[in-house]
file model12.cif (mmCIF, C-alpha atoms)
data_entry
#
loop_
_atom_site.label_atom_id
_atom_site.label_comp_id
_atom_site.auth_asym_id
_atom_site.auth_seq_id
_atom_site.Cartn_x
_atom_site.Cartn_y
_atom_site.Cartn_z
CA MET A 1 26.87 177.08 11.24
CA ASP A 2 27.43 178.48 14.73
CA PRO A 3 30.04 176.31 16.55
CA LEU A 4 27.88 176.04 19.69
CA LEU A 5 24.89 174.95 17.63
CA SER A 6 27.05 172.43 15.81
CA GLU A 7 28.28 171.00 19.13
CA PHE A 8 24.72 170.80 20.46
CA ASP A 9 23.66 169.00 17.28
CA SER A 10 26.52 166.53 17.72
CA PHE A 11 25.57 166.01 21.38
CA VAL A 12 21.95 165.28 20.44
CA ARG A 13 22.95 162.83 17.70
CA THR A 14 25.40 160.88 19.86
CA ARG A 15 23.65 160.85 23.26
CA THR A 16 19.95 160.56 22.36
CA PRO A 17 19.94 156.73 22.24
CA ALA A 18 21.37 156.50 25.78
CA LEU A 19 18.99 159.19 27.02
CA LEU A 20 16.07 157.32 25.43
CA ARG A 21 17.02 154.07 27.19
CA SER A 22 16.99 155.82 30.56
CA ALA A 23 13.80 157.70 29.76
CA TYR A 24 12.06 154.49 28.70
CA LEU A 25 12.97 152.86 31.98
CA LEU A 26 11.71 155.92 33.85
CA THR A 27 8.40 156.25 32.02
CA GLY A 28 7.64 152.70 30.94
CA ASP A 29 6.40 153.93 27.57
CA GLN A 30 8.32 154.62 24.36
CA HIS A 31 6.24 157.67 23.45
CA LEU A 32 6.46 159.20 26.93
CA ALA A 33 10.21 158.50 26.88
CA GLU A 34 10.57 160.34 23.59
CA ASP A 35 8.56 163.27 24.99
CA LEU A 36 10.72 163.33 28.11
CA VAL A 37 13.98 163.34 26.15
CA GLN A 38 12.68 165.95 23.72
CA SER A 39 11.62 168.24 26.59
CA ALA A 40 14.94 167.77 28.37
CA LEU A 41 16.92 168.47 25.19
CA ALA A 42 14.85 171.59 24.52
CA ARG A 43 15.67 172.90 27.98
CA THR A 44 19.32 171.95 27.58
CA HIS A 45 19.43 173.84 24.28
CA ARG A 46 18.08 177.01 25.89
CA SER A 47 21.03 177.12 28.27
CA TRP A 48 23.57 175.22 26.16
CA SER A 49 26.49 177.47 27.03
CA ARG A 50 26.33 176.46 30.73
CA PRO A 51 26.52 172.66 30.36
CA HIS A 52 28.81 172.98 27.34
CA ASP A 53 31.30 175.18 29.19
CA SER A 54 31.34 172.87 32.21
CA GLY A 55 31.78 169.78 30.03
CA ASN A 56 28.80 168.15 31.74
CA ALA A 57 26.12 168.36 29.07
CA GLU A 58 24.84 164.82 29.49
CA ALA A 59 24.65 165.04 33.27
CA TYR A 60 22.86 168.37 32.92
CA THR A 61 20.35 166.89 30.46
CA ARG A 62 19.76 163.81 32.62
CA LYS A 63 19.11 165.97 35.65
CA ILE A 64 16.52 167.91 33.66
CA MET A 65 14.95 164.58 32.60
CA TYR A 66 14.66 163.40 36.19
CA HIS A 67 13.22 166.69 37.38
CA LEU A 68 10.67 166.69 34.55
CA GLN A 69 9.69 163.10 35.36
CA VAL A 70 9.23 163.94 39.03
CA SER A 71 7.09 166.96 38.19
CA TRP A 72 5.04 164.85 35.76
CA TRP A 73 4.35 162.13 38.33
CA ARG A 74 3.42 164.74 40.94
CA ARG A 75 1.04 166.50 38.55
CA ARG A 76 -0.92 163.67 37.10
CA ARG A 77 -1.67 160.05 37.47
CA VAL A 78 -1.69 158.31 34.09
CA ALA A 79 -2.50 154.67 33.55
CA GLU A 80 0.80 153.26 32.36
CA SER A 81 1.49 150.56 29.85
CA MET A 82 4.70 149.52 28.17
CA PRO A 83 3.77 148.94 24.53
CA GLY A 84 7.12 149.93 23.01
CA ASP A 85 10.35 148.03 22.83
CA LEU A 86 13.28 148.86 25.07
CA PRO A 87 15.88 150.49 22.81
CA GLU A 88 18.94 148.33 22.26
CA PRO A 89 22.34 149.68 23.24
CA ARG A 90 24.65 150.32 20.30
CA GLY A 91 27.66 148.19 19.67
CA GLY A 92 28.03 144.92 21.44
CA GLY A 93 30.29 141.99 21.88
CA SER A 94 29.25 138.39 21.77
CA VAL A 95 25.84 137.44 20.45
CA PRO A 96 23.51 136.52 23.35
CA ASP A 97 20.81 133.85 23.14
CA HIS A 98 17.98 135.77 21.45
CA ALA A 99 15.16 133.75 23.02
CA GLN A 100 16.64 134.11 26.48
CA GLN A 101 17.17 137.84 26.03
CA THR A 102 13.61 138.28 24.75
CA THR A 103 12.17 136.39 27.71
CA LEU A 104 14.23 138.46 30.13
CA ARG A 105 13.14 141.72 28.48
CA LEU A 106 9.45 140.76 28.56
CA THR A 107 9.68 139.67 32.18
CA LEU A 108 11.51 142.85 33.16
CA ARG A 109 9.02 145.02 31.25
CA ALA A 110 6.05 143.38 32.96
CA ALA A 111 7.70 143.66 36.38
CA LEU A 112 8.60 147.35 35.91
CA ALA A 113 5.03 148.08 34.82
CA LYS A 114 3.86 146.95 38.25
CA LEU A 115 6.01 149.53 40.05
CA SER A 116 5.01 153.10 40.77
CA ALA A 117 6.72 155.87 38.79
CA LYS A 118 8.76 156.83 41.86
CA GLN A 119 9.93 153.27 42.43
CA ARG A 120 10.86 152.84 38.78
CA ALA A 121 12.77 156.15 38.74
CA VAL A 122 14.75 155.21 41.82
CA LEU A 123 15.66 151.79 40.40
CA VAL A 124 16.73 153.30 37.09
CA LEU A 125 19.00 155.78 38.82
CA ARG A 126 20.42 153.37 41.39
CA PHE A 127 20.96 150.27 39.28
CA PHE A 128 20.76 151.16 35.58
CA GLU A 129 22.81 154.34 35.93
CA ASP A 130 24.73 153.19 39.04
CA ARG A 131 24.04 156.36 41.03
CA THR A 132 24.54 156.65 44.77
CA GLU A 133 21.55 157.23 47.04
CA THR A 134 22.66 160.84 47.48
CA GLU A 135 23.01 161.41 43.73
CA ALA A 136 19.61 159.86 43.08
CA ALA A 137 18.02 162.01 45.79
CA ASP A 138 19.61 165.16 44.35
CA LEU A 139 18.52 164.32 40.82
CA LEU A 140 14.95 163.56 41.87
CA GLY A 141 14.68 166.41 44.36
CA VAL A 142 13.76 164.09 47.23
CA THR A 143 15.46 163.03 50.45
CA VAL A 144 17.94 160.17 50.73
CA GLY A 145 15.40 158.48 53.02
CA THR A 146 12.83 158.56 50.22
CA VAL A 147 15.33 156.99 47.83
CA LYS A 148 16.10 154.27 50.37
CA SER A 149 12.47 153.50 51.14
CA GLN A 150 11.39 153.55 47.47
CA THR A 151 14.33 151.29 46.53
CA SER A 152 13.46 148.84 49.28
CA LYS A 153 9.77 148.80 48.35
CA ALA A 154 10.53 148.45 44.64
CA LEU A 155 12.97 145.57 45.10
CA ALA A 156 10.55 143.80 47.46
CA LYS A 157 7.77 144.16 44.91
CA LEU A 158 10.02 142.91 42.10
CA ARG A 159 10.93 139.86 44.18
CA THR A 160 7.22 139.15 44.62
CA VAL A 161 5.97 139.82 41.09
CA ALA A 162 8.99 138.46 39.19
CA PRO A 163 10.98 135.94 41.23
CA GLU A 164 12.49 134.70 37.94
CA LEU A 165 14.59 137.90 37.88
CA ALA A 166 16.42 136.89 41.07
CA HIS A 167 19.34 135.55 39.03
CA LEU A 168 20.22 139.13 38.06
CA HIS A 169 21.58 139.63 41.59
CA VAL A 170 20.35 143.18 42.05
CA THR A 171 20.40 144.03 45.72
CA GLU A 172 20.07 147.26 47.59
CA GLY A 173 23.81 147.41 48.18
CA SER A 174 24.89 146.65 44.61
CA ALA A 175 24.99 150.24 43.34
CA ARG A 176 27.98 152.37 44.31
#
call {"tool": "encode", "arguments": {"input": "model12.cif", "output": "structure tokens"}}
result
Amino acid sequence: MDPLLSEFDSFVRTRTPALLRSAYLLTGDQHLAEDLVQSALARTHRSWSRPHDSGNAEAYTRKIMYHLQVSWWRRRRVAESMPGDLPEPRGGGSVPDHAQQTTLRLTLRAALAKLSAKQRAVLVLRFFEDRTETEAADLLGVTVGTVKSQTSKALAKLRTVAPELAHLHVTEGSAR
């Protein structure tokens, strides 16, 4: 097998779960998340030598994901629902209270469903992936002002629709 193809295959096998978690948070739907990751990986494969040579394959793929998501939300307006389950991260330490975790996940899912696609994308980048405002703006192809305003609007809406999430201590200054 071609060494580059073998390395791409290894990249896909190891990083797809993490990419799917981010994509799910961006899209709010397991099937749309899978489509988003598949499209991003297909584009990454076409130019694999560039991200592979720079050692930044995951960042390259994530940037493609964000650009695809932005172009999708600009192109069409789809009624969104979150029927799938949020993929679990691999590994883990102590065993959390299952009922408490389930309640938190359901509450978070319902709250995220009430946000616009732009607001959800900004929150995923800023707080799930711990990106700066500038990084988020670059990845989404928008201005830093748009990231700031969408973050502020999203957090305000979350505080209104899901005050029970306040204990998570996510504030506009908590990302890098």
call {"tool": "residues_around", "arguments": {"input": "model12.cif", "residues": "A:Leu68", "least_positions_apart": "4", "cutoff": "10 Å", "atoms": "all atoms listed in the file", "output": "ChimeraX atom specification"}}
result
/A:36-37,39-40,62-64,72-74,140
call {"tool": "closest_residue", "arguments": {"input": "model12.cif", "among": "A:Glu58, A:Lys114, A:Asp2, A:Ser49", "to": "A:Pro17", "atoms": "all atoms listed in the file"}}
result
A:Glu58
call {"tool": "resolve_selection", "arguments": {"input": "model12.cif", "expression": "the PyMOL selection byres ((chain A and resi 124) around 12)", "output": "ChimeraX atom specification"}}
result
/A:19,21-28,62,66,112,115,117-123,125-133,136,139-140,147,150-151,154-155,170,175
call {"tool": "atom_distance", "arguments": {"input": "model12.cif", "atom1": "atom CA of A:Thr61", "atom2": "atom CA of A:Ser116"}}
result
23.1 Å
call {"tool": "atom_distance", "arguments": {"input": "model12.cif", "atom1": "atom CA of A:Lys148", "atom2": "atom CA of A:Thr44"}}
result
29.0 Å
